[in-house]
Structures are given as C-alpha cells and as structure tokens.
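Chemist: File query.txt below, compact mmCIF, C-alpha atoms and all ligand atoms:
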```txt
# COMPACT_ATOMS: atom_id res chain seq x y z
CA MET A 1 10.36 3.17 -34.58
CA ASN A 2 12.44 2.33 -31.55
CA ARG A 3 11.24 -0.14 -28.97
CA PHE A 4 10.53 2.40 -26.25
CA THR A 5 8.40 4.54 -28.58
CA ASP A 6 6.54 1.44 -29.65
CA ILE A 7 5.76 0.62 -25.99
CA ALA A 8 4.82 4.24 -25.26
CA ASP A 9 2.35 4.10 -28.17
CA LYS A 10 0.84 0.91 -26.76
CA VAL A 11 0.42 2.60 -23.37
CA ALA A 12 -1.15 5.66 -24.98
CA ASP A 13 -3.78 3.66 -26.82
CA GLY A 14 -4.43 1.24 -23.94
CA THR A 15 -2.93 -1.86 -25.58
CA ARG A 16 -1.81 -4.46 -23.07
CA LEU A 17 1.98 -4.78 -22.66
CA SER A 18 3.63 -8.15 -23.21
CA SER A 19 6.07 -9.79 -20.81
CA ASP A 20 8.85 -8.88 -23.25
CA ASP A 21 7.77 -5.23 -23.12
CA ALA A 22 7.93 -5.27 -19.32
CA LEU A 23 11.35 -6.92 -19.38
CA PHE A 24 12.58 -4.30 -21.84
CA LEU A 25 11.36 -1.49 -19.56
CA LEU A 26 13.03 -3.05 -16.52
CA GLN A 27 16.34 -2.65 -18.38
CA TYR A 28 15.66 0.64 -20.15
CA PRO A 29 18.06 3.32 -18.90
CA ASP A 30 15.81 6.40 -19.14
CA LEU A 31 14.08 6.10 -15.76
CA PRO A 32 12.21 9.46 -15.89
CA ALA A 33 10.70 8.44 -19.26
CA ILE A 34 9.32 5.25 -17.67
CA GLY A 35 8.03 7.36 -14.79
CA ARG A 36 6.18 9.70 -17.16
CA LEU A 37 4.52 6.75 -18.87
CA ALA A 38 3.43 5.26 -15.54
CA ASP A 39 2.22 8.66 -14.39
CA SER A 40 0.03 8.94 -17.49
CA VAL A 41 -1.58 5.59 -16.64
CA ARG A 42 -2.12 6.67 -13.02
CA GLN A 43 -3.90 9.78 -14.29
CA ARG A 44 -6.14 7.65 -16.48
CA TRP A 45 -7.23 5.57 -13.49
CA HIS A 46 -7.36 8.47 -11.02
CA ALA A 47 -8.60 11.55 -12.78
CA GLY A 48 -8.85 13.64 -9.61
CA ASN A 49 -5.82 14.93 -7.84
CA GLU A 50 -6.05 12.78 -4.73
CA VAL A 51 -3.44 10.48 -3.29
CA THR A 52 -4.79 8.24 -0.59
CA TYR A 53 -3.48 6.63 2.57
CA ILE A 54 -4.97 4.56 5.35
CA VAL A 55 -4.57 4.75 9.11
CA ASP A 56 -4.46 1.26 10.54
CA ARG A 57 -2.60 -0.91 12.97
CA ASN A 58 -0.48 -3.92 12.30
CA ILE A 59 -1.17 -6.50 14.98
CA ASN A 60 1.18 -9.45 14.84
CA TYR A 61 -0.78 -11.84 16.99
CA THR A 62 2.07 -14.35 17.27
CA ASN A 63 5.67 -14.58 16.12
CA VAL A 64 5.82 -18.34 16.61
CA CYS A 65 6.37 -19.96 13.25
CA VAL A 66 7.32 -23.34 11.87
CA THR A 67 8.03 -22.15 8.33
CA LEU A 68 11.50 -20.61 8.87
CA CYS A 69 11.72 -18.37 5.79
CA LYS A 70 15.30 -17.32 5.12
CA PHE A 71 14.35 -13.68 4.51
CA CYS A 72 12.40 -13.26 7.76
CA ALA A 73 13.77 -11.50 10.85
CA PHE A 74 10.47 -11.71 12.74
CA TYR A 75 9.73 -15.33 13.53
CA ARG A 76 10.75 -17.46 16.50
CA ARG A 77 10.60 -21.25 16.49
CA PRO A 78 8.09 -22.94 18.81
CA GLY A 79 9.53 -23.07 22.34
CA HIS A 80 11.91 -20.12 21.78
CA GLU A 81 12.10 -17.79 24.80
CA GLU A 82 11.23 -14.75 22.65
CA GLY A 83 8.17 -16.40 21.11
CA TYR A 84 4.85 -14.78 21.98
CA ASP A 85 1.14 -15.28 21.41
CA LEU A 86 -0.92 -12.17 22.20
CA PRO A 87 -3.82 -12.62 24.63
CA LEU A 88 -7.24 -11.63 23.25
CA ALA A 89 -7.58 -8.81 25.81
CA THR A 90 -4.33 -7.24 24.54
CA ILE A 91 -5.59 -7.41 20.97
CA TYR A 92 -8.87 -5.72 21.94
CA ASP A 93 -6.96 -2.96 23.77
CA LYS A 94 -4.79 -2.35 20.72
CA ILE A 95 -7.89 -2.09 18.53
CA ARG A 96 -9.59 0.36 20.89
CA GLU A 97 -6.46 2.56 20.82
CA THR A 98 -6.43 2.29 17.02
CA LYS A 99 -10.00 3.49 16.74
CA GLU A 100 -9.35 6.37 19.13
CA LEU A 101 -6.57 7.50 16.79
CA GLY A 102 -8.89 7.41 13.76
CA GLY A 103 -7.70 3.99 12.56
CA VAL A 104 -10.15 2.14 10.31
CA GLN A 105 -8.77 -1.38 10.19
CA ILE A 106 -6.30 -3.81 11.66
CA LEU A 107 -3.78 -5.71 9.62
CA LEU A 108 -3.74 -8.98 11.52
CA GLN A 109 -0.83 -11.21 10.62
CA GLY A 110 1.35 -13.70 12.39
CA GLY A 111 3.60 -16.71 12.12
CA HIS A 112 2.51 -20.20 11.20
CA HIS A 113 1.77 -21.26 14.76
CA PRO A 114 1.39 -25.02 15.18
CA ASP A 115 -1.73 -24.62 17.39
CA TYR A 116 -3.77 -22.18 15.31
CA ASP A 117 -6.63 -24.13 13.80
CA VAL A 118 -9.84 -22.68 12.38
CA GLU A 119 -11.62 -22.69 15.76
CA ARG A 120 -8.84 -20.56 17.19
CA TYR A 121 -9.23 -18.02 14.39
CA GLU A 122 -13.01 -18.07 14.71
CA GLN A 123 -12.63 -17.28 18.39
CA LEU A 124 -10.22 -14.46 17.53
CA PHE A 125 -12.39 -12.86 14.83
CA GLN A 126 -15.67 -13.27 16.71
CA GLY A 127 -14.05 -11.86 19.84
CA ILE A 128 -12.85 -8.79 17.94
CA LYS A 129 -16.23 -8.17 16.34
CA ALA A 130 -17.97 -8.52 19.73
CA ASN A 131 -15.52 -6.53 21.86
CA ALA A 132 -13.82 -4.02 19.56
CA PRO A 133 -15.45 -4.14 16.11
CA ILE A 134 -13.23 -3.02 13.27
CA HIS A 135 -12.43 -4.08 9.70
CA ILE A 136 -10.22 -7.19 9.94
CA HIS A 137 -7.74 -7.25 7.06
CA GLY A 138 -6.04 -10.43 8.02
CA LEU A 139 -4.06 -13.58 7.39
CA SER A 140 -1.91 -14.01 4.33
CA PRO A 141 -2.66 -16.94 2.00
CA SER A 142 0.13 -18.97 3.58
CA GLU A 143 -1.33 -18.49 7.09
CA ILE A 144 -4.71 -19.60 5.75
CA LEU A 145 -3.25 -22.71 4.11
CA HIS A 146 -1.31 -23.47 7.29
CA CYS A 147 -4.62 -23.26 9.19
CA CYS A 148 -6.17 -25.69 6.66
CA LYS A 149 -3.36 -28.14 7.39
CA VAL A 150 -3.68 -27.80 11.16
CA SER A 151 -7.48 -28.10 10.95
CA LYS A 152 -7.37 -30.87 8.31
CA LEU A 153 -10.07 -29.02 6.35
CA PRO A 154 -10.33 -27.85 2.75
CA LEU A 155 -9.59 -24.24 1.83
CA SER A 156 -13.12 -23.40 0.74
CA GLU A 157 -14.56 -24.42 4.10
CA VAL A 158 -11.87 -22.66 6.14
CA LEU A 159 -12.36 -19.43 4.21
CA LYS A 160 -16.11 -19.65 4.54
CA ARG A 161 -15.86 -20.14 8.29
CA MET A 162 -13.31 -17.37 8.70
CA ARG A 163 -15.49 -14.98 6.74
CA ALA A 164 -18.57 -15.91 8.77
CA ALA A 165 -16.55 -15.28 11.94
CA GLY A 166 -15.56 -11.76 10.85
CA LEU A 167 -12.62 -11.83 8.43
CA ASP A 168 -13.29 -8.88 6.08
CA SER A 169 -10.42 -8.96 3.58
CA ILE A 170 -7.06 -10.63 3.01
CA PRO A 171 -3.67 -8.93 2.66
CA GLY A 172 -1.31 -10.11 -0.05
CA GLY A 173 1.48 -11.01 2.38
CA GLY A 174 3.76 -13.89 1.49
CA GLY A 175 3.51 -13.22 -2.25
CA GLU A 176 7.25 -12.54 -2.42
CA ILE A 177 7.95 -13.71 -5.99
CA LEU A 178 5.35 -16.07 -7.46
CA VAL A 179 7.85 -18.34 -9.18
CA ASP A 180 8.57 -21.68 -7.52
CA ARG A 181 12.32 -21.62 -8.24
CA VAL A 182 12.55 -18.46 -6.14
CA ARG A 183 10.20 -19.69 -3.43
CA LYS A 184 12.17 -22.93 -3.05
CA ALA A 185 15.35 -20.88 -2.60
CA ILE A 186 14.10 -18.39 0.01
CA SER A 187 11.16 -20.08 1.75
CA PRO A 188 11.06 -23.77 0.84
CA LEU A 189 8.48 -24.65 3.51
CA LYS A 190 6.02 -21.95 2.48
CA THR A 191 3.16 -22.03 -0.02
CA MET A 192 4.21 -22.34 -3.63
CA SER A 193 2.95 -19.99 -6.35
CA ASP A 194 -0.16 -21.90 -7.44
CA GLU A 195 -1.26 -22.36 -3.84
CA TRP A 196 -0.85 -18.65 -3.01
CA LEU A 197 -2.79 -17.60 -6.10
CA GLY A 198 -5.36 -20.34 -5.48
CA VAL A 199 -6.19 -18.91 -2.03
CA MET A 200 -6.67 -15.47 -3.56
CA GLU A 201 -8.87 -16.77 -6.32
CA GLU A 202 -11.04 -18.74 -3.90
CA ALA A 203 -11.30 -15.70 -1.61
CA HIS A 204 -12.44 -13.54 -4.54
CA LYS A 205 -14.94 -16.22 -5.50
CA GLN A 206 -16.36 -16.07 -1.98
CA GLY A 207 -16.67 -12.26 -2.15
CA LEU A 208 -13.57 -11.31 -0.15
CA ARG A 209 -11.36 -8.56 -1.53
CA THR A 210 -7.60 -8.93 -1.25
CA THR A 211 -4.40 -7.13 -2.16
CA ALA A 212 -1.43 -8.49 -4.10
CA THR A 213 2.18 -7.88 -3.10
CA MET A 214 5.64 -8.43 -4.50
CA MET A 215 8.84 -8.51 -2.45
CA PHE A 216 11.75 -8.17 -4.83
CA GLY A 217 15.49 -7.60 -4.84
CA HIS A 218 16.79 -10.93 -3.52
CA VAL A 219 17.43 -14.04 -5.62
CA GLU A 220 14.96 -13.43 -8.44
CA THR A 221 15.84 -12.52 -12.02
CA LEU A 222 14.15 -9.67 -13.89
CA GLU A 223 12.27 -12.29 -15.93
CA GLU A 224 10.92 -13.73 -12.69
CA ARG A 225 9.73 -10.30 -11.53
CA VAL A 226 7.79 -10.02 -14.78
CA GLU A 227 6.42 -13.54 -14.37
CA HIS A 228 5.16 -12.59 -10.89
CA MET A 229 3.33 -9.59 -12.32
CA ARG A 230 1.94 -11.67 -15.18
CA ARG A 231 0.44 -14.23 -12.83
CA VAL A 232 -1.20 -11.55 -10.69
CA ARG A 233 -2.60 -9.89 -13.82
CA GLU A 234 -3.97 -13.23 -15.02
CA VAL A 235 -5.92 -13.84 -11.79
CA GLN A 236 -7.20 -10.27 -11.85
CA ASP A 237 -8.51 -10.81 -15.39
CA ARG A 238 -10.63 -13.63 -14.02
CA THR A 239 -11.79 -12.19 -10.69
CA ALA A 240 -11.16 -8.40 -10.44
CA GLY A 241 -10.67 -9.13 -6.73
CA PHE A 242 -7.36 -7.39 -6.02
CA THR A 243 -7.91 -3.86 -4.75
CA ALA A 244 -4.24 -2.92 -4.90
CA PHE A 245 -0.74 -4.01 -5.88
CA ILE A 246 2.01 -3.29 -3.38
CA SER A 247 5.68 -3.92 -4.08
CA TRP A 248 8.58 -3.47 -1.74
CA THR A 249 12.22 -4.35 -1.60
CA PHE A 250 13.81 -7.11 0.44
CA GLN A 251 15.31 -5.94 3.75
CA ALA A 252 18.37 -8.07 4.51
CA PRO A 253 19.48 -7.12 8.07
CA HIS A 254 19.04 -9.78 10.76
CA THR A 255 17.88 -12.41 8.27
CA GLU A 256 19.62 -15.57 7.06
CA MET A 257 20.17 -13.69 3.78
CA GLU A 258 21.95 -10.79 5.47
CA THR A 259 24.75 -10.62 2.91
CA THR A 260 22.37 -10.13 -0.04
CA PRO A 261 23.00 -6.67 -1.55
CA MET A 262 19.90 -4.52 -1.13
CA VAL A 263 18.06 -2.92 -4.01
CA GLY A 264 18.40 0.85 -4.31
CA GLY A 265 15.95 3.60 -5.10
CA PHE A 266 16.38 3.52 -8.88
CA ASP A 267 15.50 -0.14 -9.09
CA TYR A 268 12.56 0.39 -6.75
CA LEU A 269 11.13 3.25 -8.81
CA ARG A 270 11.66 1.43 -12.10
CA THR A 271 10.02 -1.78 -10.87
CA ALA A 272 7.12 0.08 -9.25
CA ALA A 273 6.50 2.05 -12.46
CA VAL A 274 6.71 -1.06 -14.66
CA SER A 275 4.22 -2.83 -12.39
CA ARG A 276 1.75 0.03 -12.95
CA LEU A 277 2.28 -0.20 -16.71
CA PHE A 278 2.17 -3.97 -17.03
CA ILE A 279 -0.61 -4.82 -14.55
CA ASP A 280 -3.27 -2.89 -16.41
CA ASN A 281 -6.25 -4.29 -14.54
CA ILE A 282 -5.56 -3.24 -10.92
CA GLU A 283 -6.71 0.20 -9.93
CA ASN A 284 -4.47 1.08 -6.99
CA PHE A 285 -0.70 0.92 -6.63
CA GLN A 286 0.81 1.53 -3.24
CA ALA A 287 4.17 3.08 -2.50
CA SER A 288 6.31 1.51 0.20
CA PHE A 289 7.63 4.14 2.58
CA VAL A 290 8.45 1.54 5.22
CA THR A 291 11.27 0.08 3.13
CA GLN A 292 12.15 3.03 0.88
CA GLY A 293 11.78 5.98 3.21
CA ILE A 294 9.25 8.74 2.90
CA ASP A 295 11.13 10.88 0.36
CA LEU A 296 11.46 8.14 -2.24
CA ALA A 297 7.89 7.01 -1.59
CA GLY A 298 6.83 10.61 -2.27
CA LEU A 299 8.78 10.56 -5.53
CA SER A 300 7.12 7.29 -6.53
CA LEU A 301 3.79 9.17 -6.67
CA ARG A 302 5.11 10.45 -10.01
CA TYR A 303 6.07 6.89 -11.02
CA GLY A 304 2.54 5.52 -11.15
CA MET A 305 1.71 5.13 -7.47
CA ASN A 306 -1.58 6.63 -6.24
CA ASP A 307 -1.53 5.55 -2.62
CA LEU A 308 0.99 6.01 0.13
CA GLY A 309 -0.12 2.94 2.01
CA SER A 310 -0.60 2.77 5.67
CA VAL A 311 0.22 5.00 8.60
CA MET A 312 0.82 2.05 10.82
CA ILE A 313 0.40 2.56 14.50
CA GLU A 314 2.50 -0.51 15.14
CA GLU A 315 4.84 -2.44 12.92
CA ASN A 316 6.84 -5.47 13.97
CA VAL A 317 7.68 -7.58 10.95
CA VAL A 318 9.65 -5.03 8.96
CA SER A 319 10.90 -2.94 11.88
CA ALA A 320 12.61 -6.08 13.18
CA ALA A 321 14.80 -5.68 10.09
CA ASN A 322 15.79 -2.15 11.11
CA CYS A 323 13.25 -0.15 9.17
CA GLU A 324 12.64 2.89 11.27
CA CYS A 325 10.64 4.76 8.68
CA LEU A 326 7.27 4.99 10.35
CA ALA A 327 6.13 8.36 9.13
CA GLN A 328 3.57 10.34 11.02
CA ILE A 329 0.44 11.50 9.29
CA SER A 330 1.60 15.09 8.96
CA GLU A 331 4.86 14.05 7.28
CA LEU A 332 2.99 11.80 4.94
CA GLU A 333 0.50 14.47 3.96
CA LYS A 334 3.41 16.87 3.44
CA GLN A 335 4.97 14.45 0.96
CA ILE A 336 1.69 14.04 -0.89
CA ARG A 337 1.30 17.82 -1.21
CA ALA A 338 4.95 18.22 -2.24
CA ALA A 339 4.31 15.84 -5.14
CA GLY A 340 1.40 18.04 -6.22
CA PHE A 341 -1.51 16.00 -4.88
CA THR A 342 -4.24 16.34 -2.28
CA PRO A 343 -4.09 13.83 0.57
CA ALA A 344 -7.20 11.78 1.29
CA ARG A 345 -7.78 9.12 3.91
CA ARG A 346 -9.38 5.86 2.87
CA ASN A 347 -10.40 2.43 4.06
CA MET A 348 -9.74 -0.98 2.45
CA PHE A 349 -12.48 -0.38 -0.15
CA TYR A 350 -10.98 3.01 -1.03
CA ASP A 351 -14.03 4.79 0.39
CA ARG A 352 -12.90 8.19 1.63
CA VAL A 353 -13.03 8.70 5.39
CA ASP A 354 -12.50 11.67 7.70
CA GLU A 355 -9.87 12.01 10.44
CA THR A 356 -12.05 10.07 12.88
CA GLY A 357 -12.43 7.21 10.40
CA ALA A 358 -16.08 8.08 9.60
CA PRO A 359 -17.01 7.49 5.95
CA LEU A 360 -17.31 10.46 3.62
CA ARG A 361 -17.70 8.95 0.15
CA ARG A 362 -18.29 5.42 -1.10
CA HIS A 363 -15.93 4.09 -3.76
CA HIS A 364 -17.48 2.03 -6.54
CA ASP A 365 -15.25 -0.61 -8.11
CA LEU A 366 -16.79 -1.07 -11.52
CA ALA A 367 -14.73 -4.11 -12.59
CA TRP A 368 -15.61 -5.98 -9.38
CA SER A 369 -19.30 -5.14 -9.72
CA GLN A 370 -19.34 -6.29 -13.34
CA LYS A 371 -17.79 -9.66 -12.44
CA HIS A 372 -19.69 -10.31 -9.25
CA GLY A 373 -23.04 -8.71 -10.02
CA ALA A 374 -22.92 -6.55 -6.91
CA GLY A 375 -20.74 -4.04 -5.16
CA ASP A 376 -18.37 -4.91 -2.36
CA VAL A 377 -19.88 -6.41 0.72
CA ARG A 378 -18.72 -4.12 3.48
CA PRO A 379 -18.60 -5.16 7.14
CA PRO A 380 -21.85 -4.41 9.02
CA GLU A 381 -20.17 -1.81 11.22
CA LEU A 382 -19.02 0.09 8.13
CA GLU A 383 -22.46 -0.04 6.52
CA ALA A 384 -23.91 1.21 9.78
CA ALA A 385 -21.41 4.08 9.78
CA PHE A 386 -22.37 4.96 6.18
CA ALA A 387 -26.03 4.95 7.16
CA GLY A 388 -25.32 7.01 10.28
CA ALA A 389 -23.33 9.56 8.30
CA GLY A 390 -26.07 9.75 5.68
CA VAL A 391 -23.64 9.16 2.79
CA GLY A 392 -24.19 6.65 0.01
S1 LIG B 1 7.69 -14.73 6.70
FE1 LIG B 1 5.90 -15.48 7.81
S2 LIG B 1 5.87 -17.68 7.35
FE2 LIG B 1 7.93 -16.97 6.85
S3 LIG B 1 9.12 -17.30 8.73
FE3 LIG B 1 8.36 -15.17 8.81
S4 LIG B 1 6.50 -15.32 9.99
FE4 LIG B 1 6.97 -17.41 9.30
```
Could you quickly redo this structure as structure tokens?
Ligand code: SF4
Modeler:
Amino acid sequence: MNRFTDIADKVADGTRLSSDDALFLLQYPDLPAIGRLADSVRQRWHAGNEVTYIVDRNINYTNVCVTLCKFCAFYRRPGHEEGYDLPLATIYDKIRETKELGGVQILLQGGHHPDYDVERYEQLFQGIKANAPIHIHGLSPSEILHCCKVSKLPLSEVLKRMRAAGLDSIPGGGGEILVDRVRKAISPLKTMSDEWLGVMEEAHKQGLRTTATMMFGHVETLEERVEHMRRVREVQDRTAGFTAFISWTFQAPHTEMETTPMVGGFDYLRTAAVSRLFIDNIENFQASFVTQGIDLAGLSLRYGMNDLGSVMIEENVVSAANCECLAQISELEKQIRAAGFTPARRNMFYDRVDETGAPLRRHHDLAWSQKHGAGDVRPPELEAAFAGAGVG
C-alpha cells in the first residue's frame, strides 16, 4: 500500500494522523486528492450543507506597541506621531454602527500599549457593556500577558477580572507559529509558545472560549507548521476550548520582512486542508479571504473549510499591509453558493443568527459540554435575545 492510501484509510476510519503523516501530506503533489480527504472530514463534522460567516467589526483600540514584531505593518512606537489610542466614545459609536448593520460582535485588538493595565481594560469592557452592549471577542494572549506585566498581577487574576468586566471570548491572534525558534526570529519580544498556549488553557479553564490561529509562510519549516498544529491539538484534547482554527499566510508589504517571498494559493490550500485533517478535535475551520482573496477562499470550502470568517466592517491590521480584499456580504454569499453550500450567519458560539443579528438556533458543542459539565456561558445580552426570540 502506498503512503497516501494508508493515510486516506486512517482518515476514513477516524484514526488520528501522526506528525509524520501531516508532513508527508504537506509535500504530497496531488493537491486535489488532499482536498477530497479534507472535504470528507468536513462533511463528517458538518452534515448539513451550511457554510457559515460572521458579521463583526475589528476595532483596533490602539496601534501603540512596544513589542516591534518584524512582520507587523500596523504598530507605532510610543511617542510616534501616527500613534493613536481610541477614545471610549469613538469605540461606543463604532459598536452602535456595527449593531445597526447586523453585526454580532467586536474583535477588539490592539498593540502592547505601555499604559494599558487591568483597570484600563476593565473600564473599557464595562463601558462597552453599559453603553453599547455587544459580544466582546478581544485581546490576544500576548496582549493579556502584556497587561499582566503592566499590572504586576498573575494571569489567572487578570483573566478573571477581565471576564467579570465583560470579556466574552479570546481571539487566537499572535499564534503565528508556536515554535520558539520561529518566534525568536520574527517577534523576539512577544510571548513564546508555552506562554501563548498557557493563556488559552487558563482561559478555557475559566470558561472562556477562544480560537486558534496560524500565520505561516515566513521563516518556518514544514516541520514547524506541523509542530504548531500538534501543540494546538494537544491543548484541545485537554480543554475542548477552541471553537475554530484559522490559518492565513504572511503578508510581507510594509513590514521589516518585506523581501520574504509570499506563499501562493497552492500552499495555502494544502496547508489549510492538512490542518483540517491533522487537527481532528476542532470543529470549525475558517478560510482567510482577507489574505487569499475571495475566490481562493471560496475554493478552500472544498479543502476542508466550513466557515468563511468575518465580514469585517473595519480592518486595520492586515489592510495596512495592502490587503484590499474586504468582501461584501453579497459577494461572500455568492462564493458560498458557488461552492455548492448554503450561507448561514453565526455568532462566536456558532449559533445561527438572522440578518439583524437576532439568534435563530443555538449551537451545542458536545465536546465542550462533556469536559466542562455545562454548555457555553453566553453573554447576558445574548441569552436575553434568545429568550426574547423564543428559541432554545
Ligand atoms: S503584531 Fe501586535 S504585538 Fe506585534 S508589533 Fe504588531 S501590534 Fe505589536
């Protein structure tokens, strides 16, 4: 039996793939065959014909950052004339606009600002919940650890306080590649692998759901891509806390790594499909239309992806690197239909929502419930909307 057939048999009978299997697939020339395998796994997880997306808004509350990652075109050093720190009133206005457009959450991320301690974040989250309540999907693990340093407080306490103040879930930003050799090369001042994963594990322990990401196509080897996936899979085995895995390719323009050759569509599709096959314990895999363009993201729906990510009303971090791919909802739904699926809007918990953001159907995450003895704890405003809509 040849190696690919052997792996295909493992996938068919649900046997976990080894790191060597994943590495083999990342080098296997028959890309459509890998796609078909990943598609079969997507179908197993998502028996219906729906492909989801979310309408939300990326609010970058500050671009001031002391961490100076080489791959980042967004940050400004403290004192730089282009540095900004959004006033609370501006943030509330942005959220109100988001809700008027049917948006269901904000993705709140920013630089590692030297003045942002836990009180500052508490003020921010409490202010949002009081003035413009919405699901706050916010702060990457590295922002949270930076806040711990500024506040001189342990992670568990900072997370507890942030959650009490209104933080609802944590995005997987700053995952890049979870191998310290790579992190030291591209972002030496940022959290290392164990720290990043440690924040996620603690968040899951405290009942917060998070996503996991991978930014690839820079200095990492294929082995290191697999190692990244392995470490995410390992945490998920313990906690079941990741709702989704999202991979995208490094965007070089306007960064210190501008001369790095960028990864093309074949490599993107192959890596996305292998992530679906190898990480067998995460339910949702998101395509990246911001970095790959809408056509390739549409194609990736047949390479294991079941979600087209976010229709972002505002995007600063990636657009600063010349990504002008912000698709409108109609375009995105067109792509989903063209790939043979039915579009469905969702929130962070993968509940289905209508075009106003009102909930239609609750999603039950069995693995999470089994580990944590209860379903997801949704924000009060979402529970109230469920109750108001009379849906369970
Ligand atoms: S990626 Fe984040 S932490 Fe790194 S320089 Fe940019 S804003 Fe700062």
Chemist: Mind listing as an MDAnalysis selection string all residues within 8 Å of (-13.8, -9.9, 24.7), counting all atoms listed in the file?
Modeler: chainID A and resid 88:89 92 127:128 130:132
Chemist: Write out as a PDB file with C-alpha atoms, in the frame of the given file which residues come within 12 Å of Glu81 in chain A when counting all atoms listed in the file, dropping same-chain ones fewer than 6 positions away.
Modeler:
```pdb
ATOM      1  CA  ASN A  63       5.670 -14.580  16.120  1.00  0.00           C
ATOM      2  CA  VAL A  64       5.820 -18.340  16.610  1.00  0.00           C
ATOM      3  CA  TYR A  75       9.730 -15.330  13.530  1.00  0.00           C
TER       4      TYR A  75
END
```
Chemist: Got a sec to check which residues lie within 8 Å of ligand LIG 1 (chain B), using only C-alpha atoms and all ligand atoms, and send them as a VMD selection string?
Modeler: chain A and resid 63 to 76 110 to 112 142 to 143 174 187 190 317
Chemist: From the options A:Ala203, A:Val182, A:Leu37, A:Ala297, which residue's atoms come nearest to Val158 in chain A, counting all atoms listed in the file?
Modeler: A:Ala203
Chemist: Work out how far apart CA of Ala385 in chain A and CA of Leu101 in chain A are and give it in Å to one decimal.
Modeler: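 Distance between the two atoms: 16.8 Å.
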